[in-house]
file data.tsv (TSV, C-alpha atoms)
chain	number	residue	atom	x	y	z
S	680	MET	CA	-85.26	-51.98	-64.20
S	681	VAL	CA	-84.02	-54.13	-67.07
S	682	ARG	CA	-80.32	-53.79	-67.83
S	683	THR	CA	-77.76	-55.50	-70.05
S	684	ASP	CA	-75.70	-58.12	-68.24
S	685	PRO	CA	-72.14	-56.75	-67.77
S	686	LEU	CA	-70.70	-60.23	-68.41
S	687	ALA	CA	-72.05	-60.07	-71.97
S	688	TRP	CA	-69.94	-56.99	-72.69
S	689	ILE	CA	-66.94	-58.59	-70.98
S	690	ALA	CA	-67.38	-61.59	-73.32
S	691	VAL	CA	-67.35	-59.25	-76.33
S	692	GLY	CA	-64.21	-57.52	-75.06
S	693	LEU	CA	-62.40	-60.81	-74.52
S	694	GLY	CA	-63.60	-62.12	-77.88
S	695	ALA	CA	-62.15	-59.06	-79.62
S	696	VAL	CA	-58.66	-59.98	-78.32
S	697	ALA	CA	-59.11	-63.74	-78.69
S	698	CYS	CA	-55.84	-64.02	-80.58
S	699	CYS	CA	-54.56	-64.73	-77.06
S	700	PRO	CA	-55.70	-68.26	-76.09
S	701	VAL	CA	-56.49	-67.18	-72.52
S	702	ALA	CA	-58.73	-64.37	-73.81
S	703	ALA	CA	-60.49	-66.76	-76.20
S	704	LEU	CA	-61.24	-69.18	-73.39
S	705	GLY	CA	-62.36	-66.31	-71.16
S	706	GLY	CA	-64.71	-65.02	-73.87
S	707	LEU	CA	-66.33	-68.43	-74.23
S	708	LEU	CA	-66.78	-68.90	-70.48
S	709	THR	CA	-68.09	-65.41	-69.73
S	710	GLY	CA	-70.42	-65.53	-72.75
S	711	ALA	CA	-71.89	-68.86	-71.62
S	712	LEU	CA	-72.17	-67.65	-68.00
S	713	SER	CA	-73.91	-64.48	-69.19
S	714	LEU	CA	-76.51	-66.53	-71.10
S	715	ILE	CA	-77.20	-68.57	-67.95
S	716	ARG	CA	-77.53	-65.42	-65.82
S	717	ILE	CA	-79.91	-63.82	-68.34
S	718	ARG	CA	-82.06	-66.95	-68.53
S	719	ARG	CA	-82.33	-67.14	-64.73
S	720	SER	CA	-82.87	-63.42	-64.13
S	721	GLY	CA	-86.61	-63.53	-64.73
S	722	GLY	CA	-86.44	-60.72	-67.26
S	723	LEU	CA	-84.26	-58.39	-65.16
S	724	LEU	CA	-81.20	-58.93	-67.40
S	725	ARG	CA	-80.93	-58.76	-71.13
S	726	GLY	CA	-78.08	-58.99	-73.64
S	727	SER	CA	-78.34	-62.50	-75.06
S	728	ARG	CA	-77.29	-61.26	-78.50
S	729	VAL	CA	-74.31	-59.46	-77.00
S	730	ALA	CA	-73.28	-62.64	-75.15
S	731	TRP	CA	-73.61	-64.70	-78.33
S	732	LEU	CA	-71.50	-62.10	-80.15
S	733	GLY	CA	-68.77	-62.55	-77.54
S	734	ILE	CA	-68.90	-66.32	-77.96
S	735	ALA	CA	-68.79	-66.02	-81.76
S	736	LEU	CA	-65.83	-63.63	-81.68
S	737	SER	CA	-63.95	-65.93	-79.31
S	738	LEU	CA	-64.49	-68.92	-81.59
S	739	LEU	CA	-63.72	-67.07	-84.83
S	740	ILE	CA	-60.71	-64.99	-83.82
S	741	GLY	CA	-59.33	-67.68	-81.53
S	742	GLY	CA	-59.68	-70.38	-84.19
S	743	VAL	CA	-58.09	-68.30	-86.94
S	744	SER	CA	-55.23	-67.30	-84.62
S	745	LEU	CA	-54.61	-70.94	-83.72
S	746	LEU	CA	-54.46	-71.95	-87.38
S	747	VAL	CA	-52.10	-69.08	-88.25
S	748	ALA	CA	-49.82	-69.88	-85.29
S	749	ASP	CA	-49.72	-73.56	-86.26
S	750	ARG	CA	-48.84	-72.69	-89.87
S	751	LEU	CA	-46.10	-70.29	-88.76
S	752	GLN	CA	-44.65	-72.91	-86.43
S	753	ALA	CA	-44.65	-75.51	-89.20
S	754	THR	CA	-42.97	-73.06	-91.59
S	755	GLN	CA	-40.33	-72.15	-89.02
S	756	SER	CA	-39.67	-75.80	-88.23
S	757	ALA	CA	-39.22	-76.57	-91.94
S	758	GLY	CA	-36.84	-73.61	-92.21
S	759	ASN	CA	-34.78	-74.88	-89.26
S	760	VAL	CA	-34.55	-78.35	-90.80
S	761	SER	CA	-33.41	-76.88	-94.12
S	762	ASP	CA	-30.77	-74.70	-92.43
S	763	VAL	CA	-29.38	-77.61	-90.38
S	764	ARG	CA	-29.25	-79.75	-93.52
S	765	SER	CA	-27.20	-77.09	-95.33
S	766	ALA	CA	-24.95	-76.56	-92.30
S	767	VAL	CA	-24.11	-80.25	-91.98
S	768	GLU	CA	-23.48	-80.70	-95.71
S	769	GLN	CA	-21.13	-77.70	-95.78
S	770	THR	CA	-19.36	-78.79	-92.60
S	771	LEU	CA	-18.71	-82.36	-93.73
S	772	SER	CA	-18.03	-81.85	-97.44
S	773	GLY	CA	-15.08	-79.48	-97.01
S	774	GLY	CA	-14.22	-76.55	-99.24
S	775	PHE	CA	-16.61	-74.26	-97.34
S	776	ASP	CA	-16.14	-71.92	-94.41
S	777	ALA	CA	-18.91	-73.31	-92.23
S	778	SER	CA	-18.12	-71.20	-89.16
S	779	ALA	CA	-21.21	-69.03	-89.72
S	780	TRP	CA	-23.35	-72.11	-88.97
S	781	TRP	CA	-21.64	-72.84	-85.63
S	782	VAL	CA	-21.64	-71.24	-82.20
S	783	PRO	CA	-18.45	-69.24	-81.53
S	784	ASP	CA	-17.12	-71.79	-79.00
S	785	ALA	CA	-16.71	-74.35	-81.80
S	786	HIS	CA	-14.80	-72.14	-84.25
S	787	ALA	CA	-11.29	-72.99	-83.02
S	788	GLY	CA	-11.32	-76.68	-83.96
S	789	LEU	CA	-13.75	-76.49	-86.86
S	790	PRO	CA	-11.25	-76.27	-89.79
S	791	ASP	CA	-9.37	-79.40	-88.62
S	792	PHE	CA	-12.66	-81.27	-88.13
S	793	GLN	CA	-13.83	-80.26	-91.62
S	794	ARG	CA	-10.60	-81.51	-93.21
S	795	GLU	CA	-10.83	-84.82	-91.32
S	796	MET	CA	-14.47	-85.39	-92.29
S	797	SER	CA	-13.87	-84.36	-95.90
S	798	ALA	CA	-11.10	-86.95	-96.17
S	799	LEU	CA	-13.30	-89.66	-94.63
S	800	LEU	CA	-16.73	-88.94	-96.04
S	801	ALA	CA	-16.83	-86.39	-98.89
S	802	PRO	CA	-18.87	-85.99	-100.93
S	803	VAL	CA	-21.69	-85.90	-98.36
S	804	LYS	CA	-25.39	-85.67	-99.17
S	805	VAL	CA	-28.05	-85.40	-96.50
S	806	ASP	CA	-30.75	-87.91	-97.40
S	807	ALA	CA	-33.24	-87.14	-94.60
S	808	THR	CA	-33.47	-84.70	-91.69
S	809	THR	CA	-35.79	-84.92	-88.67
S	810	GLN	CA	-36.20	-82.47	-85.80
S	811	THR	CA	-36.54	-84.83	-82.86
S	812	GLU	CA	-37.13	-82.44	-79.96
S	813	THR	CA	-36.91	-78.85	-78.78
S	814	LEU	CA	-35.67	-77.95	-75.31
S	815	ILE	CA	-36.89	-74.74	-73.68
S	816	GLY	CA	-34.08	-72.44	-72.59
S	817	ASN	CA	-32.41	-69.13	-73.26
S	818	PRO	CA	-31.76	-69.59	-76.10
S	819	PRO	CA	-33.85	-72.70	-76.86
S	820	MET	CA	-32.13	-75.74	-78.34
S	821	SER	CA	-33.33	-78.28	-80.89
S	822	ARG	CA	-32.04	-81.73	-81.68
S	823	PHE	CA	-31.92	-83.15	-85.19
S	824	ARG	CA	-31.26	-86.58	-86.67
S	825	LEU	CA	-29.81	-86.77	-90.19
S	826	VAL	CA	-29.26	-89.70	-92.55
S	827	LEU	CA	-26.08	-89.10	-94.57
S	828	LYS	CA	-25.04	-90.57	-97.90
S	829	THR	CA	-21.22	-90.66	-98.03
S	830	ARG	CA	-18.57	-92.37	-100.08
S	831	SER	CA	-17.95	-94.67	-97.09
S	832	GLY	CA	-21.62	-95.70	-96.88
S	833	ASP	CA	-24.67	-94.51	-94.99
S	834	ALA	CA	-24.06	-92.65	-91.72
S	835	ILE	CA	-26.28	-91.21	-89.00
S	836	ALA	CA	-25.64	-87.75	-87.54
S	837	SER	CA	-27.16	-86.32	-84.36
S	838	VAL	CA	-26.97	-82.55	-84.02
S	839	ASP	CA	-27.60	-80.09	-81.20
S	840	ALA	CA	-28.44	-76.59	-82.47
S	841	LEU	CA	-29.16	-73.44	-80.51
S	842	LEU	CA	-31.99	-71.34	-81.94
S	843	ILE	CA	-30.53	-67.82	-82.04
S	844	THR	CA	-32.77	-64.89	-82.96
S	845	ASP	CA	-31.75	-63.24	-86.23
S	846	TRP	CA	-32.49	-59.59	-85.50
S	847	SER	CA	-32.75	-58.75	-89.21
S	848	THR	CA	-35.79	-61.03	-89.56
S	849	TRP	CA	-36.83	-61.43	-85.89
S	850	LEU	CA	-36.91	-65.20	-86.47
S	851	PRO	CA	-34.85	-67.93	-84.75
S	852	SER	CA	-31.99	-69.32	-86.80
S	853	PRO	CA	-30.11	-72.52	-85.86
S	854	ARG	CA	-26.44	-72.43	-84.86
S	855	LEU	CA	-24.82	-75.83	-84.49
S	856	ARG	CA	-23.50	-76.63	-81.01
S	857	SER	CA	-22.38	-80.24	-81.41
S	858	ILE	CA	-22.51	-83.12	-83.86
S	859	GLU	CA	-22.13	-86.87	-83.40
S	860	ILE	CA	-21.70	-89.11	-86.45
S	861	ALA	CA	-22.05	-92.89	-86.46
S	862	MET	CA	-20.32	-94.12	-89.63
S	863	PRO	CA	-19.46	-97.58	-91.01
S	864	ARG	CA	-16.07	-98.95	-89.98
S	865	SER	CA	-13.71	-99.46	-92.87
S	866	ALA	CA	-12.16	-102.86	-93.55
S	867	SER	CA	-8.75	-101.59	-92.44
S	868	GLU	CA	-10.15	-100.40	-89.10
S	869	ALA	CA	-11.88	-103.73	-88.49
S	870	ALA	CA	-8.70	-105.67	-89.29
S	871	SER	CA	-6.56	-103.54	-86.97
S	872	ASP	CA	-8.95	-103.98	-84.04
S	873	THR	CA	-10.23	-107.55	-84.15
S	874	ALA	CA	-11.36	-107.37	-80.51
S	875	ASP	CA	-13.96	-104.71	-81.37
S	876	THR	CA	-16.92	-106.26	-83.20
S	877	ALA	CA	-18.86	-103.00	-83.60
S	878	LYS	CA	-19.85	-102.26	-87.19
S	879	THR	CA	-19.79	-98.49	-86.74
S	880	THR	CA	-17.44	-95.94	-85.33
S	881	THR	CA	-18.54	-92.67	-83.73
S	882	VAL	CA	-16.98	-89.26	-84.25
S	883	ARG	CA	-17.98	-86.24	-82.15
S	884	PHE	CA	-17.33	-82.55	-82.53
S	885	PRO	CA	-16.44	-80.72	-80.40
S	886	ARG	CA	-14.30	-83.55	-79.09
S	887	PHE	CA	-15.87	-85.56	-76.28
S	888	ASP	CA	-14.78	-84.46	-72.82
S	889	PRO	CA	-16.03	-86.68	-69.95
S	890	ARG	CA	-16.04	-83.62	-67.68
S	891	LYS	CA	-18.62	-82.00	-69.96
S	892	ALA	CA	-20.73	-85.03	-70.78
S	893	GLY	CA	-23.92	-82.99	-70.49
S	894	ALA	CA	-22.91	-80.86	-73.46
S	895	THR	CA	-23.01	-83.80	-75.90
S	896	LEU	CA	-25.84	-85.79	-77.34
S	897	PRO	CA	-26.79	-89.21	-75.97
S	898	ARG	CA	-25.84	-92.02	-78.28
S	899	ASP	CA	-28.60	-93.85	-80.12
S	900	ASP	CA	-28.82	-97.47	-79.07
call {"tool": "encode", "arguments": {"input": "data.tsv", "output": "structure tokens"}}
result
Amino acid sequence: MVRTDPLAWIAVGLGAVACCPVAALGGLLTGALSLIRIRRSGGLLRGSRVAWLGIALSLLIGGVSLLVADRLQATQSAGNVSDVRSAVEQTLSGGFDASAWWVPDAHAGLPDFQREMSALLAPVKVDATTQTETLIGNPPMSRFRLVLKTRSGDAIASVDALLITDWSTWLPSPRLRSIEIAMPRSASEAASDTADTAKTTTVRFPRFDPRKAGATLPRDD
């Protein structure tokens, strides 16, 4: 008795939910296996069209889902970069309450840090921002590198930001955890410390604590 190969229907079912990558791969494999089984059955199995339908659904739905996911990820990444850019500019320029951009643990010393940076650097303009890596965790954390234009010259900032879910949009929103700024040394600093030939000085916030070295960013060599 001729019957339709069950694997062909399984391929169709997996192809219908191929928005999940595992289902898409399963639809392709079971569809191909079904075609092999039908060809070798000597006419006892049928369902080649059903198997091809499963393969087609897996390719179509899986491919579209992959493109949509990639576009969403790119959009979210661009949004994170824009938010971190705004957060750093508001933090360093002074005149703004930037606490909303920071994790609660950093709020206590933030006003003093803002006043210090405003006196040293303001006005500050972020010239370029790059998301260098994302670390998996709960919540996940991303690292950013920013090129700053300041009245003291160009500076480089490295930022750790936790990606906290905004429940009003269900999207992750960055909250700054730490910042490290390498800025040019002024002539007065260089004259007062002739033993130090470094051309830059580094400022960190929250203040560097050797006992919590893991909570700060590694310095760029």
call {"tool": "closest_residue", "arguments": {"input": "data.tsv", "among": "S:Ala834, S:Val681, S:Val691, S:Ala711", "to": "Ser737 in chain S", "atoms": "all atoms listed in the file"}}
result
S:Val691
call {"tool": "closest_residue", "arguments": {"input": "data.tsv", "among": "S:Arg764, S:Pro853, S:Leu712, S:Leu704", "to": "Leu738 in chain S", "atoms": "all atoms listed in the file"}}
result
S:Leu704
call {"tool": "atom_distance", "arguments": {"input": "data.tsv", "atom1": "CA of Val701 in chain S", "atom2": "CA of Arg728 in chain S"}}
result
22.4 Å
call {"tool": "atom_distance", "arguments": {"input": "data.tsv", "atom1": "CA of Arg824 in chain S", "atom2": "CA of Gly758 in chain S"}}
result
15.2 Å
call {"tool": "residues_around", "arguments": {"input": "data.tsv", "residues": "Gly788 in chain S", "least_positions_apart": "5", "cutoff": "9 Å", "atoms": "all atoms listed in the file", "output": "list in words"}}
result
Gln793, Phe884, Pro885 and Arg886 of chain S
call {"tool": "axis_aligned_box", "arguments": {"input": "data.tsv", "around": "range 765-778 of chain S", "padding_each_side": "5 Å", "output": "AutoDock Vina command-line options"}}
result
--center_x -20.7 --center_y -76.8 --center_z -94.2 --size_x 23.0 --size_y 21.2 --size_z 20.1
call {"tool": "decode", "arguments": {"input": "data.tsv", "residues": "range 722-733 of chain S", "atoms": "N, CA and C atoms", "output": "PDB file, in the first residue's frame"}}
result
ATOM      1  N   GLY S 722       8.563   2.900  -4.795  1.00  0.00           N
ATOM      2  CA  GLY S 722       7.169   3.206  -5.059  1.00  0.00           C
ATOM      3  C   GLY S 722       6.248   2.999  -3.878  1.00  0.00           C
ATOM      4  N   LEU S 723       6.783   2.536  -2.721  1.00  0.00           N
ATOM      5  CA  LEU S 723       5.937   2.320  -1.546  1.00  0.00           C
ATOM      6  C   LEU S 723       5.661   3.618  -0.781  1.00  0.00           C
ATOM      7  N   LEU S 724       6.498   4.631  -0.978  1.00  0.00           N
ATOM      8  CA  LEU S 724       6.307   5.926  -0.315  1.00  0.00           C
ATOM      9  C   LEU S 724       6.119   7.005  -1.366  1.00  0.00           C
ATOM     10  N   ARG S 725       5.305   7.964  -1.034  1.00  0.00           N
ATOM     11  CA  ARG S 725       5.113   9.115  -1.889  1.00  0.00           C
ATOM     12  C   ARG S 725       5.209  10.365  -1.012  1.00  0.00           C
ATOM     13  N   GLY S 726       5.043  11.530  -1.631  1.00  0.00           N
ATOM     14  CA  GLY S 726       5.083  12.776  -0.865  1.00  0.00           C
ATOM     15  C   GLY S 726       6.247  13.678  -1.208  1.00  0.00           C
ATOM     16  N   SER S 727       6.813  13.496  -2.429  1.00  0.00           N
ATOM     17  CA  SER S 727       7.946  14.336  -2.821  1.00  0.00           C
ATOM     18  C   SER S 727       7.575  15.823  -2.802  1.00  0.00           C
ATOM     19  N   ARG S 728       6.371  16.138  -3.282  1.00  0.00           N
ATOM     20  CA  ARG S 728       5.951  17.544  -3.295  1.00  0.00           C
ATOM     21  C   ARG S 728       5.808  18.093  -1.880  1.00  0.00           C
ATOM     22  N   VAL S 729       5.312  17.243  -0.986  1.00  0.00           N
ATOM     23  CA  VAL S 729       5.187  17.683   0.414  1.00  0.00           C
ATOM     24  C   VAL S 729       6.566  17.943   1.004  1.00  0.00           C
ATOM     25  N   ALA S 730       7.523  17.038   0.723  1.00  0.00           N
ATOM     26  CA  ALA S 730       8.885  17.224   1.227  1.00  0.00           C
ATOM     27  C   ALA S 730       9.513  18.494   0.669  1.00  0.00           C
ATOM     28  N   TRP S 731       9.325  18.732  -0.636  1.00  0.00           N
ATOM     29  CA  TRP S 731       9.857  19.968  -1.223  1.00  0.00           C
ATOM     30  C   TRP S 731       9.192  21.204  -0.624  1.00  0.00           C
ATOM     31  N   LEU S 732       7.920  21.107  -0.284  1.00  0.00           N
ATOM     32  CA  LEU S 732       7.231  22.223   0.374  1.00  0.00           C
ATOM     33  C   LEU S 732       7.873  22.519   1.722  1.00  0.00           C
ATOM     34  N   GLY S 733       8.195  21.459   2.479  1.00  0.00           N
ATOM     35  CA  GLY S 733       8.860  21.662   3.763  1.00  0.00           C
ATOM     36  C   GLY S 733      10.208  22.330   3.604  1.00  0.00           C
TER      37      GLY S 733
END
